[in-house]
>>> print(open('my_file_14.txt').read())   # compact mmCIF, C-alpha atoms
# COMPACT_ATOMS: atom_id res chain seq x y z
CA MET A 824 0.00 0.00 0.00
CA SER A 825 2.74 2.48 0.96
CA GLU A 826 4.50 1.39 -2.22
CA PHE A 827 1.46 2.58 -4.15
CA PHE A 828 1.42 5.98 -2.46
CA SER A 829 5.16 6.49 -2.90
CA MET A 830 4.81 6.12 -6.71
CA GLY A 831 8.39 4.91 -6.94
CA GLY A 832 9.67 8.19 -5.51
CA TYR A 833 7.50 10.36 -7.77
CA ALA A 834 4.72 10.84 -5.18
CA PHE A 835 5.03 14.65 -5.05
CA TYR A 836 4.79 15.03 -8.83
CA VAL A 837 2.10 12.42 -9.49
CA TRP A 838 -0.20 13.19 -6.54
CA GLY A 839 0.53 16.91 -6.88
CA SER A 840 -0.76 16.80 -10.47
CA TYR A 841 -3.96 15.01 -9.52
CA LEU A 842 -4.50 17.19 -6.46
CA ILE A 843 -4.28 20.35 -8.59
CA ALA A 844 -6.68 18.81 -11.13
CA LEU A 845 -9.14 18.01 -8.33
CA VAL A 846 -8.89 21.50 -6.79
CA LEU A 847 -9.36 23.22 -10.18
CA MET A 848 -12.33 21.09 -11.25
CA VAL A 849 -14.12 21.15 -7.88
CA GLY A 850 -13.40 24.87 -7.67
CA GLU A 851 -14.87 25.45 -11.12
CA VAL A 852 -18.03 23.47 -10.32
CA VAL A 853 -18.52 25.27 -6.98
CA THR A 854 -17.96 28.69 -8.63
CA VAL A 855 -20.46 28.04 -11.40
CA LEU A 856 -23.09 26.75 -8.94
CA LYS A 857 -22.58 29.74 -6.61
CA ARG A 858 -22.95 32.14 -9.52
CA ARG A 859 -26.68 31.31 -9.65
CA LYS A 860 -27.22 32.03 -5.94
CA SER A 861 -25.57 35.44 -6.02
CA LEU A 862 -28.00 36.49 -8.73
CA ARG A 863 -31.10 35.89 -6.64
CA MET B 1172 -39.25 18.82 -34.41
CA ASN B 1173 -37.91 22.21 -35.32
CA LEU B 1174 -34.35 22.30 -34.01
CA TYR B 1175 -33.93 25.95 -34.92
CA LYS B 1176 -36.19 26.97 -32.07
CA TYR B 1177 -33.33 26.00 -29.74
CA ALA B 1178 -31.24 28.82 -31.18
CA SER B 1179 -33.27 31.05 -28.89
CA PRO B 1180 -31.77 31.38 -25.39
CA ALA B 1181 -35.24 31.14 -23.81
CA ALA B 1182 -35.95 27.82 -25.57
CA PHE B 1183 -32.49 26.39 -24.98
CA TYR B 1184 -32.47 27.23 -21.25
CA PRO B 1185 -34.76 24.37 -20.08
CA LEU B 1186 -33.25 21.92 -22.61
CA ALA B 1187 -29.75 22.63 -21.25
CA GLY B 1188 -31.05 22.01 -17.74
CA LYS B 1189 -32.38 18.61 -18.75
CA LEU B 1190 -29.14 17.67 -20.57
CA ILE B 1191 -26.69 18.50 -17.73
CA PRO B 1192 -27.14 15.30 -15.62
CA TRP B 1193 -26.68 13.16 -18.76
CA PHE B 1194 -23.15 14.54 -19.01
CA ALA B 1195 -22.28 15.13 -15.34
CA ILE B 1196 -23.05 11.60 -14.09
CA PRO B 1197 -21.18 9.70 -16.87
CA ALA B 1198 -18.27 12.16 -16.37
CA ALA B 1199 -18.00 11.21 -12.68
CA ILE B 1200 -18.19 7.49 -13.51
CA LEU B 1201 -15.57 7.73 -16.26
CA PHE B 1202 -13.16 9.71 -14.05
CA VAL B 1203 -13.31 6.87 -11.50
CA VAL B 1204 -12.91 4.16 -14.19
CA GLY B 1205 -10.13 6.08 -15.96
CA LEU B 1206 -8.15 6.61 -12.74
CA TYR B 1207 -8.63 2.95 -11.80
CA VAL B 1208 -7.28 1.75 -15.16
CA GLY B 1209 -4.52 4.39 -15.07
CA PHE B 1210 -3.27 3.52 -11.59
CA PHE B 1211 -4.10 -0.17 -11.11
CA VAL B 1212 -4.21 -1.76 -14.59
CA ALA B 1213 -1.64 0.17 -16.62
CA PRO B 1214 1.90 -1.14 -16.02
CA VAL B 1215 4.88 0.88 -14.82
CA ASP B 1216 6.75 2.57 -17.68
CA PHE B 1217 10.19 1.08 -18.24
CA GLN B 1218 11.81 4.49 -18.78
CA GLN B 1219 9.88 6.88 -16.57
CA GLY B 1220 8.68 4.62 -13.75
CA ASN B 1221 5.46 5.85 -12.21
CA ALA B 1222 6.03 9.50 -13.17
CA TYR B 1223 4.41 8.80 -16.54
CA ARG B 1224 1.02 8.43 -14.79
CA ILE B 1225 0.77 12.22 -14.87
CA MET B 1226 0.01 11.66 -18.56
CA PHE B 1227 -3.57 10.55 -17.79
CA ILE B 1228 -4.50 14.05 -16.66
CA HIS B 1229 -1.87 16.09 -18.56
CA VAL B 1230 -2.70 14.89 -22.09
CA PRO B 1231 -6.52 15.15 -21.78
CA ALA B 1232 -6.13 18.62 -20.19
CA ALA B 1233 -3.90 19.78 -23.06
CA TRP B 1234 -6.30 18.43 -25.68
CA MET B 1235 -9.31 20.01 -23.99
CA GLY B 1236 -7.48 23.33 -23.84
CA MET B 1237 -6.98 23.27 -27.62
CA LEU B 1238 -10.34 21.73 -28.59
CA LEU B 1239 -12.34 24.09 -26.41
CA TYR B 1240 -10.48 27.06 -27.90
CA VAL B 1241 -11.48 26.00 -31.44
CA LEU B 1242 -15.06 25.40 -30.28
CA MET B 1243 -15.13 28.79 -28.53
CA ALA B 1244 -13.87 30.53 -31.69
CA VAL B 1245 -16.44 28.71 -33.88
CA TYR B 1246 -19.33 29.71 -31.58
CA ALA B 1247 -18.03 33.27 -31.28
CA GLY B 1248 -17.76 33.44 -35.08
CA ILE B 1249 -21.30 32.09 -35.60
CA GLY B 1250 -22.60 34.53 -33.01
CA TRP B 1251 -20.91 37.40 -34.81
CA ALA B 1252 -21.69 36.41 -38.42
CA PHE B 1253 -25.33 35.42 -37.90
CA ASN B 1254 -26.11 37.72 -34.99
CA ALA B 1255 -26.96 34.65 -32.91
CA ARG B 1256 -27.01 35.58 -29.22
CA LEU B 1257 -27.01 32.00 -27.94
CA ALA B 1258 -23.85 31.11 -29.90
CA SER B 1259 -22.02 34.12 -28.42
CA MET B 1260 -23.16 33.17 -24.94
CA MET B 1261 -21.87 29.62 -25.60
CA ALA B 1262 -18.44 31.06 -26.51
CA SER B 1263 -18.35 33.00 -23.23
CA ALA B 1264 -19.42 29.89 -21.31
CA ILE B 1265 -16.62 27.81 -22.88
CA ALA B 1266 -13.80 30.30 -22.22
CA ILE B 1267 -13.32 29.69 -18.48
CA THR B 1268 -13.36 25.89 -18.80
CA GLY B 1269 -10.87 26.08 -21.69
CA ALA B 1270 -8.60 28.36 -19.69
CA MET B 1271 -8.84 26.02 -16.68
CA PHE B 1272 -7.74 23.00 -18.76
CA THR B 1273 -4.93 24.95 -20.42
CA PHE B 1274 -3.66 26.08 -17.02
CA LEU B 1275 -3.95 22.49 -15.75
CA SER B 1276 -1.94 21.19 -18.71
CA LEU B 1277 0.84 23.73 -18.02
CA VAL B 1278 0.99 22.93 -14.29
CA THR B 1279 0.88 19.15 -14.73
CA GLY B 1280 3.42 19.47 -17.55
CA SER B 1281 5.69 21.34 -15.19
CA LEU B 1282 5.25 18.67 -12.50
CA TRP B 1283 6.06 16.03 -15.12
CA GLY B 1284 8.99 17.95 -16.57
CA LYS B 1285 10.84 18.39 -13.28
CA PRO B 1286 11.49 14.67 -12.58
CA THR B 1287 11.88 13.60 -16.23
CA TRP B 1288 13.66 16.56 -17.88
CA GLY B 1289 15.14 18.08 -14.73
CA THR B 1290 13.41 21.42 -15.19
CA TRP B 1291 10.03 22.93 -14.34
CA TRP B 1292 9.91 25.03 -17.50
CA VAL B 1293 11.77 25.70 -20.74
CA TRP B 1294 10.88 28.16 -23.50
CA ASP B 1295 10.25 25.29 -25.82
CA ALA B 1296 7.93 25.72 -28.84
CA ARG B 1297 5.09 23.62 -27.48
CA MET B 1298 5.16 25.06 -23.98
CA THR B 1299 5.49 28.65 -25.18
CA SER B 1300 2.61 28.27 -27.65
CA THR B 1301 0.47 26.67 -24.90
CA LEU B 1302 1.25 29.62 -22.62
CA ILE B 1303 0.11 31.91 -25.47
CA LEU B 1304 -3.12 29.88 -25.61
CA LEU B 1305 -3.69 30.64 -21.91
CA PHE B 1306 -3.08 34.34 -22.61
CA LEU B 1307 -5.59 34.23 -25.50
CA TYR B 1308 -8.22 32.80 -23.15
CA ALA B 1309 -7.36 35.43 -20.53
CA GLY B 1310 -7.55 38.14 -23.20
CA PHE B 1311 -10.96 36.90 -24.39
CA ILE B 1312 -12.35 36.76 -20.83
CA SER B 1313 -11.01 40.15 -19.75
CA LEU B 1314 -11.97 41.85 -23.05
CA GLN B 1315 -15.56 40.66 -22.62
CA ALA B 1316 -15.57 41.71 -18.97
CA ALA B 1317 -14.31 45.19 -19.90
CA ILE B 1318 -17.13 46.01 -22.33
CA ASP B 1319 -20.52 46.83 -20.83
CA ASP B 1320 -22.75 46.24 -23.85
CA PRO B 1321 -22.96 42.41 -24.17
CA ARG B 1322 -23.33 42.36 -27.98
CA ARG B 1323 -20.33 44.67 -28.44
CA ALA B 1324 -18.39 42.49 -26.01
CA ASP B 1325 -19.38 39.44 -28.09
CA LYS B 1326 -18.11 41.04 -31.31
CA ALA B 1327 -14.80 42.15 -29.81
CA GLY B 1328 -14.34 38.69 -28.27
CA ALA B 1329 -15.12 37.02 -31.60
CA VAL B 1330 -12.38 38.98 -33.39
CA LEU B 1331 -9.82 38.05 -30.74
CA ALA B 1332 -10.93 34.39 -30.64
CA LEU B 1333 -10.85 33.99 -34.43
CA VAL B 1334 -7.44 35.63 -34.84
CA GLY B 1335 -6.08 33.46 -32.02
CA VAL B 1336 -7.20 30.20 -33.68
CA ILE B 1337 -3.96 30.24 -35.70
CA ASN B 1338 -2.17 29.35 -32.47
CA VAL B 1339 -3.90 25.95 -32.15
CA PRO B 1340 -2.27 24.26 -35.18
CA ILE B 1341 1.00 25.85 -34.07
CA ILE B 1342 0.70 24.06 -30.70
CA TYR B 1343 -0.33 20.80 -32.35
CA PHE B 1344 2.46 20.69 -34.93
CA SER B 1345 5.12 22.41 -32.78
CA VAL B 1346 6.71 19.06 -31.89
CA GLN B 1347 7.17 18.29 -35.58
CA TRP B 1348 8.12 21.74 -36.87
CA TRP B 1349 10.73 22.56 -34.28
CA ASN B 1350 13.30 20.63 -32.34
CA THR B 1351 11.65 20.58 -28.96
CA LEU B 1352 12.23 19.03 -25.57
CA HIS B 1353 8.58 17.98 -25.54
CA GLN B 1354 7.94 14.48 -26.85
CA GLY B 1355 5.96 13.81 -30.02
CA ALA B 1356 2.31 12.79 -30.27
CA THR B 1357 1.33 9.74 -28.22
CA ILE B 1358 -1.74 8.98 -30.27
CA ARG B 1359 -1.61 9.42 -34.01
CA ILE B 1360 -4.59 9.72 -36.30
CA MET B 1361 -2.76 7.52 -38.79
CA GLY B 1362 -0.77 4.55 -37.57
CA LYS B 1363 -0.25 2.81 -34.28
CA PRO B 1364 -0.20 4.61 -30.94
CA SER B 1365 3.16 4.55 -29.23
CA ILE B 1366 1.97 3.23 -25.85
CA ALA B 1367 0.71 -0.05 -24.28
CA PRO B 1368 -3.03 -0.82 -24.66
CA PRO B 1369 -4.02 -0.30 -20.97
CA MET B 1370 -2.20 3.06 -20.98
CA LEU B 1371 -4.06 4.06 -24.14
CA ALA B 1372 -7.37 2.88 -22.64
CA ALA B 1373 -6.84 4.96 -19.47
CA LEU B 1374 -5.90 7.98 -21.58
CA LEU B 1375 -8.99 7.72 -23.79
CA ILE B 1376 -11.34 7.14 -20.83
CA MET B 1377 -9.90 10.20 -19.06
CA LEU B 1378 -10.28 12.21 -22.28
CA ALA B 1379 -13.95 11.16 -22.54
CA ALA B 1380 -14.45 12.08 -18.85
CA CYS B 1381 -12.93 15.52 -19.44
CA TRP B 1382 -15.20 16.05 -22.47
CA LEU B 1383 -18.32 15.10 -20.53
CA TYR B 1384 -17.21 17.25 -17.59
CA SER B 1385 -16.69 20.19 -19.96
CA VAL B 1386 -20.14 19.83 -21.53
CA ALA B 1387 -21.82 19.63 -18.11
CA VAL B 1388 -19.96 22.65 -16.69
CA VAL B 1389 -20.30 24.74 -19.88
CA LEU B 1390 -24.05 24.09 -20.09
CA THR B 1391 -24.44 25.02 -16.42
CA ARG B 1392 -22.48 28.25 -16.97
CA LEU B 1393 -24.46 28.92 -20.16
CA ARG B 1394 -27.67 28.79 -18.11
CA ARG B 1395 -26.19 31.32 -15.64
CA ILE B 1396 -25.23 33.60 -18.55
CA ILE B 1397 -28.71 33.33 -20.07
CA GLU B 1398 -30.21 34.22 -16.66
CA GLU B 1399 -27.92 37.22 -16.33
CA ARG B 1400 -28.37 38.55 -19.84
CA GLU B 1401 -32.04 37.87 -20.42
CA GLN B 1402 -33.32 39.19 -17.12
CA ASN B 1403 -35.96 41.24 -18.88
CA ALA B 1404 -37.18 38.38 -21.01
CA SER B 1405 -40.61 36.99 -20.26
CA MET B 1406 -39.15 33.69 -19.03
CA PHE B 1407 -37.82 35.34 -15.89
CA ALA B 1408 -40.33 38.15 -15.46
CA ARG B 1409 -42.40 38.04 -12.32
CA SER B 1410 -46.10 37.97 -13.05
CA THR B 1411 -46.99 41.55 -13.73
CA VAL B 1412 -50.44 40.89 -15.10
>>> encode(input="my_file_14.txt", output="structure tokens")
Amino acid sequence: MSEFFSMGGYAFYVWGSYLIALVLMVGEVVTVLKRRKSLR
Amino acid sequence: MNLYKYASPAAFYPLAGKLIPWFAIPAAILFVVGLYVGFFVAPVDFQQGNAYRIMFIHVPAAWMGMLLYVLMAVYAGIGWAFNARLASMMASAIAITGAMFTFLSLVTGSLWGKPTWGTWWVWDARMTSTLILLFLYAGFISLQAAIDDPRRADKAGAVLALVGVINVPIIYFSVQWWNTLHQGATIRIMGKPSIAPPMLAALLIMLAACWLYSVAVVLTRLRRIIEEREQNASMFARSTV
């Protein structure tokens, strides 16, 4: 299991990439959903 | 059924609302499947070890950045040429998602470049032209935000978007035209792909997920834009009679 998370020493780069993707996409979805509420 | 009626923002608004879950739910499922195949089925790369797994988000993000730009320019052009409000609104709705994917491709590329090339960034043809793509999106978004009259903003945006389209083939062919640090195309339209089948499967599933995600988010944003711009239209008017 820890072998999986270490990504053969590339953990920072691999998980960093997917973490940024997650933050950007969740952030975009939240922003677009909030945009409706601010209008009303 | 007369499809042309959906060219009207008021008619498209409820249709878009009905379509969104049909893209959002498959997108979520395909992200899970794509990541599963990418991390548990695809083997370790013999040259790059596990660092190559960044590919499954980097490549789809880069493609979406380019594809969405072309789509944005086409809609902006239709909106300008045929005075079609909905098409212009679609272009505005696409811009932020396209910019997000372009930014994501640059950041993940940087995180991939550091361990494999030994540098976060080089002024290589592909990376520089992708950075220009991000600036084109930023220019389109800020130009539209700076002009009060929505139809004038649409026209100005259309000119910028259409002129900027020339950058997309430059990004695509940059790895062939110039000697670059960036590797060549992984998937070719003609001929065999240069990667193992499970890697290719994960890549294509993630690409499909990113497409579906984009459609769902763009349609949701399009509905917000229609609400904002058509506030006086009968569809939103409170009963005055």
>>> residues_around(input="my_file_14.txt", residues="B:Pro1286", least_positions_apart="3", cutoff="12 Å", atoms="only C-alpha atoms", output="PyMOL selection string")
(chain A and resi 831-837) or (chain B and resi 1218-1223+1225+1279-1283+1289-1292)
>>> interface_residues(input="my_file_14.txt", of="chain A", to="chain B", cutoff="9 Å", atoms="all atoms listed in the file", output="mmCIF file with C-alpha atoms, keeping the file's coordinate frame")
data_model
loop_
_atom_site.group_PDB
_atom_site.id
_atom_site.type_symbol
_atom_site.label_atom_id
_atom_site.label_comp_id
_atom_site.auth_asym_id
_atom_site.auth_seq_id
_atom_site.Cartn_x
_atom_site.Cartn_y
_atom_site.Cartn_z
ATOM 1 C CA PHE A 827 1.460 2.580 -4.150
ATOM 2 C CA MET A 830 4.810 6.120 -6.710
ATOM 3 C CA GLY A 831 8.390 4.910 -6.940
ATOM 4 C CA GLY A 832 9.670 8.190 -5.510
ATOM 5 C CA TYR A 833 7.500 10.360 -7.770
ATOM 6 C CA ALA A 834 4.720 10.840 -5.180
ATOM 7 C CA PHE A 835 5.030 14.650 -5.050
ATOM 8 C CA TYR A 836 4.790 15.030 -8.830
ATOM 9 C CA VAL A 837 2.100 12.420 -9.490
ATOM 10 C CA TRP A 838 -0.200 13.190 -6.540
ATOM 11 C CA GLY A 839 0.530 16.910 -6.880
ATOM 12 C CA SER A 840 -0.760 16.800 -10.470
ATOM 13 C CA TYR A 841 -3.960 15.010 -9.520
ATOM 14 C CA ILE A 843 -4.280 20.350 -8.590
ATOM 15 C CA ALA A 844 -6.680 18.810 -11.130
ATOM 16 C CA LEU A 847 -9.360 23.220 -10.180
ATOM 17 C CA MET A 848 -12.330 21.090 -11.250
ATOM 18 C CA GLU A 851 -14.870 25.450 -11.120
ATOM 19 C CA VAL A 852 -18.030 23.470 -10.320
ATOM 20 C CA VAL A 855 -20.460 28.040 -11.400
ATOM 21 C CA LEU A 856 -23.090 26.750 -8.940
ATOM 22 C CA ARG A 858 -22.950 32.140 -9.520
ATOM 23 C CA ARG A 859 -26.680 31.310 -9.650
ATOM 24 C CA LEU A 862 -28.000 36.490 -8.730
#
>>> residues_around(input="my_file_14.txt", residues="B:Tyr1308", least_positions_apart="2", cutoff="8 Å", atoms="all atoms listed in the file", output="number ranges by chain")
B: 1240, 1266-1267, 1269-1270, 1304-1306, 1310-1312
>>> residues_near_point(input="my_file_14.txt", point="(-20.1, 28.8, -26.9)", cutoff="10 Å", atoms="all atoms listed in the file", output="PyMOL selection string")
chain B and resi 1239-1240+1242-1250+1256-1266+1389-1390+1393
>>> atom_distance(input="my_file_14.txt", atom1="atom CA of A:Val846", atom2="atom CA of B:Ala1309")
19.6 Å
>>> atom_distance(input="my_file_14.txt", atom1="atom CA of B:Arg1400", atom2="atom CA of B:Lys1176")
18.6 Å
>>> residues_around(input="my_file_14.txt", residues="B:Gly1335", least_positions_apart="2", cutoff="9 Å", atoms="all atoms listed in the file", output="ChimeraX atom specification")
/B:1240,1244,1304,1307,1330-1333,1337-1339
>>> atom_distance(input="my_file_14.txt", atom1="atom CA of B:Ala1380", atom2="atom CA of B:Ile1200")
8.0 Å
>>> residues_around(input="my_file_14.txt", residues="stretch 1295-1301 of chain B", least_positions_apart="3", cutoff="8 Å", atoms="only C-alpha atoms", output="PyMOL selection string")
chain B and resi 1273+1277+1304-1305+1338+1341-1343+1345-1346+1349+1351-1353
>>> build_atoms(input="my_file_14.txt", residues="stretch 838-862 of chain A", atoms="N, CA and C atoms", output="short mmCIF file (atom, residue, chain, number, x, y, z; two decimals), in the coordinates of the input")
data_model
loop_
_atom_site.label_atom_id
_atom_site.label_comp_id
_atom_site.auth_asym_id
_atom_site.auth_seq_id
_atom_site.Cartn_x
_atom_site.Cartn_y
_atom_site.Cartn_z
N TRP A 838 0.96 12.81 -7.36
CA TRP A 838 -0.20 13.19 -6.54
C TRP A 838 -0.42 14.70 -6.60
N GLY A 839 0.66 15.46 -6.73
CA GLY A 839 0.53 16.91 -6.88
C GLY A 839 -0.29 17.25 -8.10
N SER A 840 -0.03 16.56 -9.22
CA SER A 840 -0.76 16.80 -10.47
C SER A 840 -2.25 16.52 -10.29
N TYR A 841 -2.55 15.38 -9.67
CA TYR A 841 -3.96 15.01 -9.52
C TYR A 841 -4.67 15.87 -8.47
N LEU A 842 -3.91 16.31 -7.47
CA LEU A 842 -4.50 17.19 -6.46
C LEU A 842 -4.88 18.53 -7.09
N ILE A 843 -3.99 19.07 -7.91
CA ILE A 843 -4.28 20.35 -8.59
C ILE A 843 -5.48 20.20 -9.52
N ALA A 844 -5.54 19.07 -10.24
CA ALA A 844 -6.68 18.81 -11.13
C ALA A 844 -7.98 18.79 -10.33
N LEU A 845 -7.94 18.11 -9.18
CA LEU A 845 -9.14 18.01 -8.33
C LEU A 845 -9.56 19.39 -7.82
N VAL A 846 -8.58 20.16 -7.33
CA VAL A 846 -8.89 21.50 -6.79
C VAL A 846 -9.48 22.39 -7.89
N LEU A 847 -8.88 22.37 -9.09
CA LEU A 847 -9.36 23.22 -10.18
C LEU A 847 -10.77 22.83 -10.61
N MET A 848 -11.02 21.53 -10.75
CA MET A 848 -12.33 21.09 -11.25
C MET A 848 -13.41 21.30 -10.20
N VAL A 849 -13.14 20.92 -8.95
CA VAL A 849 -14.12 21.15 -7.88
C VAL A 849 -14.36 22.65 -7.72
N GLY A 850 -13.28 23.41 -7.77
CA GLY A 850 -13.40 24.87 -7.67
C GLY A 850 -14.26 25.45 -8.77
N GLU A 851 -14.08 24.94 -10.00
CA GLU A 851 -14.87 25.45 -11.12
C GLU A 851 -16.36 25.12 -10.94
N VAL A 852 -16.63 23.89 -10.53
CA VAL A 852 -18.03 23.47 -10.32
C VAL A 852 -18.68 24.31 -9.22
N VAL A 853 -17.97 24.49 -8.10
CA VAL A 853 -18.52 25.27 -6.98
C VAL A 853 -18.77 26.72 -7.43
N THR A 854 -17.82 27.30 -8.16
CA THR A 854 -17.96 28.69 -8.63
C THR A 854 -19.18 28.85 -9.52
N VAL A 855 -19.35 27.91 -10.45
CA VAL A 855 -20.46 28.04 -11.40
C VAL A 855 -21.81 27.82 -10.70
N LEU A 856 -21.83 26.96 -9.68
CA LEU A 856 -23.09 26.75 -8.94
C LEU A 856 -23.41 27.94 -8.04
N LYS A 857 -22.37 28.57 -7.49
CA LYS A 857 -22.58 29.74 -6.61
C LYS A 857 -23.04 30.96 -7.41
N ARG A 858 -22.62 31.01 -8.68
CA ARG A 858 -22.95 32.14 -9.52
C ARG A 858 -24.47 32.34 -9.60
N ARG A 859 -25.22 31.23 -9.60
CA ARG A 859 -26.68 31.31 -9.65
C ARG A 859 -27.23 31.96 -8.37
N LYS A 860 -26.68 31.55 -7.22
CA LYS A 860 -27.22 32.03 -5.94
C LYS A 860 -27.01 33.53 -5.78
N SER A 861 -25.86 34.03 -6.22
CA SER A 861 -25.57 35.44 -6.02
C SER A 861 -26.51 36.32 -6.83
N LEU A 862 -27.10 35.72 -7.86
CA LEU A 862 -28.00 36.49 -8.73
C LEU A 862 -29.34 36.74 -8.06
#
